[in-house]
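J.: The file below is query13.csv, CSV, C-alpha atoms:
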```
chain,number,residue,atom,x,y,z
A,1,MET,CA,-16.8,-3.4,-20.8
A,2,LYS,CA,-17.7,-6.4,-18.6
A,3,THR,CA,-15.2,-7.0,-15.9
A,4,LEU,CA,-14.6,-10.7,-15.4
A,5,CYS,CA,-14.3,-12.1,-11.9
A,6,LEU,CA,-11.8,-15.0,-12.1
A,7,PRO,CA,-11.6,-17.3,-9.1
A,8,ALA,CA,-7.9,-17.9,-8.1
A,9,GLU,CA,-8.5,-21.5,-7.3
A,10,ASP,CA,-9.6,-22.3,-10.9
A,11,PRO,CA,-6.5,-23.3,-13.0
A,12,ALA,CA,-8.0,-21.6,-16.0
A,13,SER,CA,-8.0,-18.2,-14.3
A,14,ALA,CA,-4.3,-17.7,-14.5
A,15,LYS,CA,-4.2,-18.5,-18.2
A,16,ALA,CA,-7.1,-16.1,-18.9
A,17,ALA,CA,-5.5,-13.3,-16.9
A,18,ALA,CA,-2.2,-13.8,-18.6
A,19,GLN,CA,-3.8,-13.6,-22.0
A,20,ILE,CA,-5.4,-10.2,-21.0
A,21,ILE,CA,-2.1,-8.9,-19.8
A,22,ARG,CA,-0.3,-10.0,-23.1
A,23,ARG,CA,-2.9,-8.2,-25.2
A,24,GLY,CA,-2.5,-4.9,-23.2
A,25,GLY,CA,-5.4,-5.1,-20.9
A,26,LEU,CA,-5.9,-4.5,-17.2
A,27,VAL,CA,-6.2,-7.2,-14.6
A,28,ALA,CA,-6.6,-6.7,-10.8
A,29,ILE,CA,-4.3,-9.2,-9.2
A,30,PRO,CA,-4.3,-10.5,-5.6
A,31,THR,CA,-1.2,-10.3,-3.4
A,32,GLU,CA,-0.5,-10.8,0.2
A,33,THR,CA,-0.4,-7.0,0.7
A,34,VAL,CA,-3.3,-5.5,-1.3
A,35,TYR,CA,-4.9,-6.1,-4.7
A,36,GLY,CA,-2.9,-4.5,-7.5
A,37,LEU,CA,-4.1,-3.1,-10.8
A,38,GLY,CA,-1.9,-4.8,-13.3
A,39,ALA,CA,-0.7,-4.4,-16.9
A,40,ASN,CA,2.3,-5.4,-19.0
A,41,GLY,CA,5.0,-3.4,-17.4
A,42,LEU,CA,7.0,-3.3,-20.7
A,43,ASP,CA,4.1,-1.9,-22.7
A,44,GLU,CA,3.8,1.9,-22.4
A,45,ALA,CA,0.3,1.9,-23.8
A,46,ALA,CA,-0.9,-0.7,-21.3
A,47,VAL,CA,0.8,1.1,-18.4
A,48,ALA,CA,-0.9,4.3,-19.4
A,49,LYS,CA,-4.2,2.6,-18.9
A,50,ILE,CA,-3.3,2.1,-15.2
A,51,PHE,CA,-2.8,5.8,-14.7
A,52,GLN,CA,-6.0,6.6,-16.5
A,53,ALA,CA,-8.1,4.0,-14.6
A,54,LYS,CA,-6.8,5.1,-11.2
A,55,GLY,CA,-6.7,8.8,-11.9
A,56,ARG,CA,-3.0,8.5,-10.8
A,57,PRO,CA,-0.5,11.4,-11.0
A,58,GLN,CA,2.0,10.7,-13.8
A,59,ASP,CA,5.0,11.3,-11.5
A,60,ASN,CA,4.0,8.5,-9.1
A,61,PRO,CA,6.1,5.4,-10.0
A,62,LEU,CA,4.8,1.9,-10.4
A,63,ILE,CA,6.1,-1.4,-8.9
A,64,LEU,CA,7.2,-4.1,-11.4
A,65,HIS,CA,6.2,-7.5,-10.2
A,66,VAL,CA,8.3,-10.6,-11.1
A,67,SER,CA,7.7,-14.3,-10.6
A,68,GLU,CA,11.1,-15.1,-9.1
A,69,ALA,CA,14.2,-13.3,-7.9
A,70,LYS,CA,16.5,-14.1,-10.9
A,71,GLU,CA,14.2,-12.1,-13.2
A,72,ILE,CA,15.4,-8.8,-11.7
A,73,GLU,CA,18.5,-9.1,-13.8
A,74,LYS,CA,16.4,-8.7,-16.9
A,75,PHE,CA,15.0,-5.3,-15.7
A,76,CYS,CA,17.7,-3.9,-13.4
A,77,HIS,CA,21.5,-3.4,-13.6
A,78,SER,CA,24.3,-2.7,-11.1
A,79,ILE,CA,22.4,-4.9,-8.6
A,80,PRO,CA,24.2,-4.8,-5.2
A,81,PRO,CA,24.8,-7.9,-3.2
A,82,ALA,CA,22.3,-6.6,-0.6
A,83,ALA,CA,19.5,-7.0,-3.1
A,84,TYR,CA,20.2,-10.7,-3.5
A,85,ALA,CA,20.5,-11.1,0.3
A,86,LEU,CA,17.1,-9.4,0.8
A,87,ALA,CA,15.5,-11.5,-2.0
A,88,GLU,CA,16.8,-14.7,-0.4
A,89,ALA,CA,15.4,-13.7,3.0
A,90,PHE,CA,12.0,-12.1,2.0
A,91,TRP,CA,11.0,-13.1,-1.5
A,92,PRO,CA,8.3,-14.1,-2.3
A,93,GLY,CA,6.9,-11.6,0.1
A,94,PRO,CA,5.9,-8.0,0.9
A,95,LEU,CA,9.2,-6.3,0.1
A,96,THR,CA,10.0,-4.0,-2.8
A,97,MET,CA,13.5,-2.9,-3.8
A,98,VAL,CA,14.4,0.2,-5.8
A,99,LEU,CA,17.2,-0.5,-8.3
A,100,PRO,CA,18.8,1.0,-11.4
A,101,ALA,CA,16.5,0.3,-14.4
A,102,ARG,CA,17.6,-1.2,-17.7
A,103,ASP,CA,16.5,0.5,-20.9
A,104,ILE,CA,13.9,-2.2,-21.5
A,105,VAL,CA,11.7,-0.7,-18.7
A,106,PRO,CA,9.6,2.2,-20.1
A,107,ARG,CA,10.0,5.5,-18.4
A,108,ARG,CA,6.2,5.6,-18.1
A,109,THR,CA,6.5,2.7,-15.7
A,110,THR,CA,9.2,4.4,-13.7
A,111,ALA,CA,7.5,7.9,-13.8
A,112,GLY,CA,10.5,9.2,-15.8
A,113,LEU,CA,13.1,7.9,-13.3
A,114,SER,CA,16.3,5.9,-14.1
A,115,THR,CA,15.3,3.6,-11.2
A,116,VAL,CA,12.6,1.0,-10.9
A,117,ALA,CA,10.8,-0.6,-8.0
A,118,VAL,CA,10.6,-4.4,-8.2
A,119,ARG,CA,9.1,-7.1,-6.0
A,120,CYS,CA,8.1,-10.8,-6.1
A,121,PRO,CA,4.6,-11.2,-4.5
A,122,ASP,CA,3.7,-14.0,-2.2
A,123,SER,CA,0.7,-15.1,-4.3
A,124,ALA,CA,1.0,-18.3,-6.2
A,125,VAL,CA,-1.7,-17.4,-8.7
A,126,THR,CA,-0.1,-14.0,-9.4
A,127,ARG,CA,3.3,-15.5,-9.9
A,128,GLN,CA,1.7,-18.0,-12.3
A,129,ILE,CA,0.1,-15.2,-14.2
A,130,ILE,CA,3.4,-13.4,-14.6
A,131,ARG,CA,5.1,-16.7,-15.8
A,132,LEU,CA,2.3,-17.4,-18.3
A,133,ALA,CA,2.2,-13.8,-19.6
A,134,GLY,CA,6.0,-13.8,-20.1
A,135,VAL,CA,6.3,-10.2,-18.9
A,136,PRO,CA,6.6,-8.4,-15.6
A,137,ILE,CA,3.4,-6.9,-14.3
A,138,ALA,CA,3.4,-3.2,-13.4
A,139,ALA,CA,0.8,-2.8,-10.6
A,140,PRO,CA,0.0,-0.1,-8.1
A,141,SER,CA,-2.8,-0.8,-5.5
A,142,ALA,CA,-6.1,-1.2,-7.3
A,143,ASN,CA,-8.0,1.6,-5.5
A,144,LEU,CA,-8.9,4.9,-7.1
A,145,SER,CA,-5.9,7.3,-6.6
A,146,GLY,CA,-5.7,8.6,-3.0
A,147,LYS,CA,-8.5,6.4,-1.7
A,148,PRO,CA,-8.2,3.5,0.8
A,149,SER,CA,-6.5,0.5,-0.8
A,150,THR,CA,-8.2,-2.6,-2.0
A,151,THR,CA,-7.8,-5.8,0.1
A,152,THR,CA,-10.7,-7.9,-1.4
A,153,ALA,CA,-12.0,-8.4,-4.9
A,154,ALA,CA,-15.2,-6.7,-3.9
A,155,HIS,CA,-13.2,-3.6,-3.1
A,156,VAL,CA,-11.7,-3.7,-6.6
A,157,LEU,CA,-15.1,-4.1,-8.2
A,158,HIS,CA,-16.5,-1.2,-6.2
A,159,ASP,CA,-13.9,1.1,-7.7
A,160,HIS,CA,-13.5,-0.4,-11.2
A,161,ASP,CA,-16.4,-2.7,-12.2
A,162,GLY,CA,-17.0,-2.2,-15.9
A,163,LYS,CA,-13.7,-0.2,-16.3
A,164,ILE,CA,-11.1,-3.0,-16.3
A,165,ASP,CA,-10.9,-6.3,-18.0
A,166,ALA,CA,-10.8,-8.7,-15.0
A,167,VAL,CA,-10.1,-9.2,-11.3
A,168,VAL,CA,-8.6,-12.4,-10.0
A,169,ASP,CA,-10.3,-13.2,-6.7
A,170,GLY,CA,-7.8,-14.6,-4.3
A,171,GLY,CA,-9.8,-13.8,-1.1
A,172,PRO,CA,-8.8,-11.2,1.6
A,173,CYS,CA,-5.2,-10.1,1.6
A,174,ARG,CA,-3.2,-11.5,4.5
A,175,VAL,CA,-0.9,-8.5,5.3
A,176,GLY,CA,-3.4,-5.8,4.3
A,177,VAL,CA,-0.9,-2.9,3.8
A,178,GLU,CA,1.3,-2.2,0.8
A,179,SER,CA,4.8,-3.7,0.6
A,180,THR,CA,7.8,-2.3,2.4
A,181,ILE,CA,10.0,-0.3,-0.1
A,182,VAL,CA,13.8,0.0,0.4
A,183,ASP,CA,16.0,2.0,-1.9
A,184,LEU,CA,19.3,0.3,-2.7
A,185,THR,CA,20.6,2.8,-5.3
A,186,GLU,CA,22.5,5.0,-2.8
A,187,ASP,CA,25.5,4.4,-0.5
A,188,ARG,CA,23.2,3.6,2.4
A,189,PRO,CA,19.9,1.6,2.2
A,190,ARG,CA,16.9,3.9,2.7
A,191,LEU,CA,13.4,3.0,3.8
A,192,LEU,CA,10.9,4.7,1.5
A,193,ARG,CA,7.8,3.0,2.8
A,194,PRO,CA,7.2,0.7,5.8
A,195,GLY,CA,5.2,-2.5,5.3
A,196,GLY,CA,5.0,-6.2,6.2
A,197,ILE,CA,8.8,-6.5,6.3
A,198,THR,CA,9.8,-4.4,9.3
A,199,PRO,CA,12.7,-2.1,9.7
A,200,GLU,CA,14.1,-4.4,12.3
A,201,GLN,CA,14.1,-7.3,9.8
A,202,LEU,CA,15.8,-5.2,7.2
A,203,ILE,CA,18.5,-4.0,9.6
A,204,ALA,CA,19.2,-7.7,10.5
A,205,ILE,CA,20.2,-8.3,6.8
A,206,LEU,CA,21.6,-4.9,5.8
A,207,GLY,CA,23.3,-3.8,9.0
A,208,MET,CA,22.0,-0.2,8.6
A,209,LEU,CA,18.9,1.6,7.3
A,210,GLU,CA,18.1,5.2,6.9
A,211,VAL,CA,14.5,6.3,7.0
A,212,ASP,CA,13.2,8.7,4.3
A,213,LYS,CA,11.4,11.9,5.4
A,214,ALA,CA,8.3,10.8,3.5
A,215,VAL,CA,7.8,8.0,6.1
A,216,THR,CA,7.2,10.4,8.9
A,217,ALA,CA,6.3,13.8,7.4
A,218,PRO,CA,4.6,15.4,4.4
A,219,VAL,CA,6.7,15.7,1.2
A,220,ASP,CA,6.9,18.9,-0.9
A,221,HIS,CA,4.5,19.0,-3.8
A,222,ASP,CA,7.3,19.5,-6.3
A,223,ALA,CA,9.6,16.7,-4.9
A,224,VAL,CA,10.8,13.9,-7.1
A,225,VAL,CA,10.1,10.6,-5.4
A,226,LYS,CA,11.4,7.1,-6.2
A,227,ALA,CA,8.5,5.0,-5.1
A,228,PRO,CA,4.7,5.0,-4.7
A,229,GLY,CA,3.1,6.1,-1.5
A,230,MET,CA,5.7,8.8,-0.7
A,231,LYS,CA,4.3,12.1,-2.1
A,232,TYR,CA,0.6,12.4,-2.2
A,233,ARG,CA,-2.2,12.1,0.4
A,234,HIS,CA,-3.0,8.4,0.3
A,235,TYR,CA,-5.3,5.8,1.8
A,236,ALA,CA,-7.8,8.4,2.8
A,237,PRO,CA,-11.6,8.4,3.1
A,238,ALA,CA,-13.6,11.4,1.8
A,239,GLU,CA,-13.7,13.2,5.1
A,240,PRO,CA,-10.9,14.6,7.3
A,241,VAL,CA,-9.1,12.1,9.6
A,242,VAL,CA,-7.6,13.2,13.0
A,243,ILE,CA,-5.3,10.8,14.9
A,244,VAL,CA,-5.6,11.1,18.6
A,245,SER,CA,-2.6,9.9,20.5
A,246,GLY,CA,-2.2,9.2,24.2
A,247,SER,CA,-3.6,6.7,26.8
A,248,ARG,CA,-7.0,5.1,26.3
A,249,GLN,CA,-8.7,7.2,28.9
A,250,LYS,CA,-7.1,10.5,27.9
A,251,ALA,CA,-7.7,10.0,24.2
A,252,ALA,CA,-11.3,9.0,24.9
A,253,ALA,CA,-11.9,12.1,27.0
A,254,TYR,CA,-10.5,14.3,24.2
A,255,ILE,CA,-12.7,12.7,21.6
A,256,HIS,CA,-15.8,13.0,23.7
A,257,ARG,CA,-15.1,16.7,24.2
A,258,HIS,CA,-14.9,17.3,20.5
A,259,PHE,CA,-17.3,14.7,19.0
A,260,VAL,CA,-20.4,16.0,17.2
A,261,PRO,CA,-23.2,14.2,15.4
A,262,GLY,CA,-21.9,13.0,12.0
A,263,ASP,CA,-18.4,12.2,13.4
A,264,ARG,CA,-17.1,8.6,13.6
A,265,VAL,CA,-14.4,6.9,15.7
A,266,LEU,CA,-11.9,4.4,14.4
A,267,CYS,CA,-10.4,2.5,17.3
A,268,PHE,CA,-9.1,-0.8,18.6
A,269,GLU,CA,-11.5,-3.6,19.6
A,270,GLU,CA,-10.4,-3.3,23.2
A,271,GLU,CA,-11.6,0.4,23.2
A,272,LEU,CA,-15.1,-0.1,21.8
A,273,PRO,CA,-16.7,0.2,25.3
A,274,LEU,CA,-15.2,3.7,25.6
A,275,TYR,CA,-17.0,4.9,22.5
A,276,GLN,CA,-20.4,3.4,22.6
A,277,ASP,CA,-22.1,6.7,22.0
A,278,CYS,CA,-19.6,7.8,19.3
A,279,ALA,CA,-20.4,5.5,16.4
A,280,PRO,CA,-17.1,3.5,16.8
A,281,LEU,CA,-15.6,1.1,14.2
A,282,ALA,CA,-12.8,-1.2,15.3
A,283,TYR,CA,-10.2,-2.3,12.7
A,284,GLY,CA,-8.4,-4.9,14.9
A,285,ARG,CA,-7.0,-5.5,18.3
A,286,GLU,CA,-4.2,-3.4,19.7
A,287,ALA,CA,-2.7,-6.5,21.2
A,288,ASP,CA,-2.6,-8.1,17.7
A,289,VAL,CA,-0.9,-5.7,15.4
A,290,ALA,CA,-1.4,-8.1,12.4
A,291,SER,CA,-5.1,-7.7,12.8
A,292,LEU,CA,-4.8,-3.9,12.6
A,293,SER,CA,-2.7,-4.2,9.5
A,294,ALA,CA,-5.2,-6.6,7.8
A,295,GLY,CA,-8.2,-4.7,8.8
A,296,LEU,CA,-7.2,-1.1,8.3
A,297,PHE,CA,-8.1,-0.5,4.7
A,298,ALA,CA,-11.4,-2.3,4.9
A,299,ALA,CA,-12.3,0.0,7.8
A,300,LEU,CA,-11.2,3.1,6.0
A,301,ARG,CA,-13.3,2.1,3.0
A,302,VAL,CA,-16.4,1.8,5.3
A,303,LEU,CA,-15.6,5.3,6.5
A,304,ASP,CA,-15.3,6.7,3.0
A,305,ASP,CA,-18.8,8.2,3.2
A,306,PRO,CA,-19.6,11.9,2.4
A,307,ALA,CA,-22.2,11.8,5.1
A,308,ILE,CA,-19.5,11.5,7.8
A,309,HIS,CA,-18.1,14.9,9.0
A,310,GLN,CA,-14.8,13.8,10.6
A,311,VAL,CA,-13.1,10.6,11.8
A,312,TYR,CA,-11.1,10.4,15.0
A,313,ALA,CA,-8.6,7.6,14.8
A,314,ARG,CA,-6.6,5.6,17.3
A,315,CYS,CA,-3.1,4.5,16.1
A,316,PRO,CA,-0.8,1.8,17.4
A,317,GLU,CA,2.6,2.7,18.9
A,318,GLY,CA,5.9,1.0,18.5
A,319,GLY,CA,7.9,-0.6,15.7
A,320,GLY,CA,7.5,-3.7,13.6
A,321,VAL,CA,4.3,-3.9,11.6
A,322,ALA,CA,2.8,-1.2,13.8
A,323,TYR,CA,5.2,1.2,12.1
A,324,ALA,CA,3.5,0.5,8.8
A,325,VAL,CA,0.0,1.0,10.3
A,326,GLN,CA,1.2,4.3,11.7
A,327,ASN,CA,2.5,5.4,8.3
A,328,ARG,CA,-0.8,4.6,6.5
A,329,LEU,CA,-3.0,6.2,9.1
A,330,ARG,CA,-0.8,9.3,9.2
A,331,LYS,CA,-1.0,9.6,5.4
A,332,ALA,CA,-4.8,9.2,5.6
A,333,ALA,CA,-4.8,12.0,8.2
A,334,ALA,CA,-2.4,14.2,6.2
A,335,PHE,CA,-0.3,14.0,9.4
A,336,HIS,CA,-2.9,15.7,11.5
A,337,ILE,CA,-2.2,14.3,15.0
A,338,VAL,CA,-3.4,15.7,18.3
A,339,ASP,CA,-2.1,14.7,21.8
A,340,GLY,CA,-5.0,13.5,24.0
A,341,GLU,CA,-2.7,13.8,27.0
A,342,VAL,CA,-2.5,17.7,26.7
A,343,GLU,CA,-5.0,19.5,28.8
A,344,GLU,CA,-6.9,22.2,26.9
```
Show me the file's structure as structure tokens.

T.:
Amino acid sequence: MKTLCLPAEDPASAKAAAQIIRRGGLVAIPTETVYGLGANGLDEAAVAKIFQAKGRPQDNPLILHVSEAKEIEKFCHSIPPAAYALAEAFWPGPLTMVLPARDIVPRRTTAGLSTVAVRCPDSAVTRQIIRLAGVPIAAPSANLSGKPSTTTAAHVLHDHDGKIDAVVDGGPCRVGVESTIVDLTEDRPRLLRPGGITPEQLIAILGMLEVDKAVTAPVDHDAVVKAPGMKYRHYAPAEPVVIVSGSRQKAAAYIHRHFVPGDRVLCFEEELPLYQDCAPLAYGREADVASLSAGLFAALRVLDDPAIHQVYARCPEGGGVAYAVQNRLRKAAAFHIVDGEVEE
């Protein structure tokens, strides 16, 4: 199979991508978060191709992408007023809502659940593809399962060239981490995954928000989860990742004590001078959390190298978008965190 690379700015690209989706093929689509590996979300055979291409566990649900908020009524029922309020505030944008699924949505798409995750992406070309295809697009991130996510078309081709029908090249993703996921099927809204829409923004609309254990700690292997990114080790390069917390000087001292040839350091740009002899790679500026979010997965893909022994990573503190960056790095590290402030 030859994978087509369709430029987003070419009006013919959306039509070509929609035709592939309608006939049951796979198209990598750009969004503001990450590139998604898309198929007709109502076609079980097409959805099965996503799991096969990614090597994705069958119990990991997919997100259904729609072109506008009113479409959720076709695929969801018992929609609470909070869903419409969130859509009004944040769609199109990096927010996914978990809602009760109508029978039209295949259980393969929902990983056997009675709920479905839906979102409206902030990408004009992807919304146009959905409209032209006439079906919602089921799409997880376009990386191989467990690996760092894809934030450029080149990342997609690295993982899937010759294995999928096409990739629509919309340039680098603006947000750079997957969408925020909030579950609206219980009495209290629950954050299942942090992302570009922050907990603070959600609380401003919802008034309350519980945080699922999967955001801050590992989930049991046999747990049933409602959304992607909750259960398995995700976003990870081939080698182990260790997060080193604490002040700049204390963290640097810890890393220097333990660093051996073959290790790498993932740090903030402001910290590069501290690690000149430790093969450092910066993924953004600590003072600009958006740059960390946008640069994280590209950096983790650079570090996905079997020749590297171990990665020591620095993680931002605080809420907002930093909360999402923390979540992705902790998942990549399998929640292995050491405190650089503790004397050994």

J.: Closest to Thr115 in chain A among A:Met1, A:Leu329, A:Ala14, A:Leu64, using all atoms listed in the file?

T.: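 Looking at the shortest contact to Thr115 in chain A, the residue is A:Leu64.
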
J.: Using all atoms listed in the file, pick whichever of A:Ser114, A:Thr185, A:Thr126, A:Asn40 has the shortest atom-to-atom distance to Leu99 in chain A.

T.: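 Nearest to Leu99 in chain A: A:Thr185.
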
J.: Could you tell me how far CA of Arg285 in chain A lies from CA of Val325 in chain A, in Å and to one decimal?

T.: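 Taking CA of Arg285 in chain A and CA of Val325 in chain A, their separation equals 12.5 Å.
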
J.: For Val66 in chain A, which of A:Val167, A:Ile181, A:Ala133, A:Leu6 is the closest residue, counting all atoms listed in the file?

T.: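 With all atoms listed in the file as the atom set, the closest residue is A:Ala133.
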
J.: Got a sec to check which residues sit within 7 Å of (-7.5, 10.3, 22.7), counting all atoms listed in the file, and write them as a PDB file with C-alpha atoms, in the frame of the given file?

T.:
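Below is the file result-v5.pdb, written as the result:
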```
ATOM      1  CA  VAL A 244      -5.600  11.100  18.600  1.00  0.00           C
ATOM      2  CA  SER A 245      -2.600   9.900  20.500  1.00  0.00           C
ATOM      3  CA  GLY A 246      -2.200   9.200  24.200  1.00  0.00           C
ATOM      4  CA  SER A 247      -3.600   6.700  26.800  1.00  0.00           C
ATOM      5  CA  ARG A 248      -7.000   5.100  26.300  1.00  0.00           C
ATOM      6  CA  LYS A 250      -7.100  10.500  27.900  1.00  0.00           C
ATOM      7  CA  ALA A 251      -7.700  10.000  24.200  1.00  0.00           C
ATOM      8  CA  ALA A 252     -11.300   9.000  24.900  1.00  0.00           C
ATOM      9  CA  ALA A 253     -11.900  12.100  27.000  1.00  0.00           C
ATOM     10  CA  TYR A 254     -10.500  14.300  24.200  1.00  0.00           C
ATOM     11  CA  ILE A 255     -12.700  12.700  21.600  1.00  0.00           C
ATOM     12  CA  GLY A 340      -5.000  13.500  24.000  1.00  0.00           C
TER      13      GLY A 340
END
```

J.: Quick one: residues within 8 Å of Leu26 in chain A, only C-alpha atoms, excluding same-chain residues fewer than 2 positions away - as a compact mmCIF listing (two decimals) with C-alpha atoms, in the coordinates of the input?

T.:
```txt
# COMPACT_ATOMS: atom_id res chain seq x y z
CA ILE A 20 -5.40 -10.20 -21.00
CA ILE A 21 -2.10 -8.90 -19.80
CA GLY A 24 -2.50 -4.90 -23.20
CA ALA A 28 -6.60 -6.70 -10.80
CA LEU A 37 -4.10 -3.10 -10.80
CA GLY A 38 -1.90 -4.80 -13.30
CA ALA A 39 -0.70 -4.40 -16.90
CA ALA A 46 -0.90 -0.70 -21.30
CA LYS A 49 -4.20 2.60 -18.90
CA ILE A 50 -3.30 2.10 -15.20
CA ILE A 164 -11.10 -3.00 -16.30
CA ASP A 165 -10.90 -6.30 -18.00
CA ALA A 166 -10.80 -8.70 -15.00
```

J.: Please report the interatomic distance between CA of Lys163 in chain A and CA of Ala53 in chain A in Å with one decimal.

T.: 7.2 Å

J.: Write out as a short mmCIF file (atom, residue, chain, number, x, y, z; two decimals) with C-alpha atoms, keeping the file's coordinate frame which residues come within 8 Å of Leu206 in chain A when counting only C-alpha atoms, dropping same-chain ones fewer than 3 positions away.

T.:
```
data_model
loop_
_atom_site.label_atom_id
_atom_site.label_comp_id
_atom_site.auth_asym_id
_atom_site.auth_seq_id
_atom_site.Cartn_x
_atom_site.Cartn_y
_atom_site.Cartn_z
CA ALA A 82 22.30 -6.60 -0.60
CA PRO A 189 19.90 1.60 2.20
CA LEU A 202 15.80 -5.20 7.20
CA ILE A 203 18.50 -4.00 9.60
CA LEU A 209 18.90 1.60 7.30
#
```

J.: Just want the 10 Å neighbourhood of Asp122 in chain A, counted on all atoms listed in the file, with same-chain residues fewer than 6 positions away dropped. Output as an NGL selection string.

T.: :A and (30-33 or 67 or 90-95 or 174)

J.: What is the CA of Ile29 in chain A to CA of Ala139 in chain A distance in Å?

T.: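 Rounded to one decimal, the two atoms are 8.3 Å apart.
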
J.: So, with all atoms listed in the file as the atoms that count, which of A:Leu191, A:Val260, A:Val219, A:Ala332 lies closest to Val242 in chain A?

T.: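 Ranked by minimum distance to Val242 in chain A, first place goes to A:Ala332.
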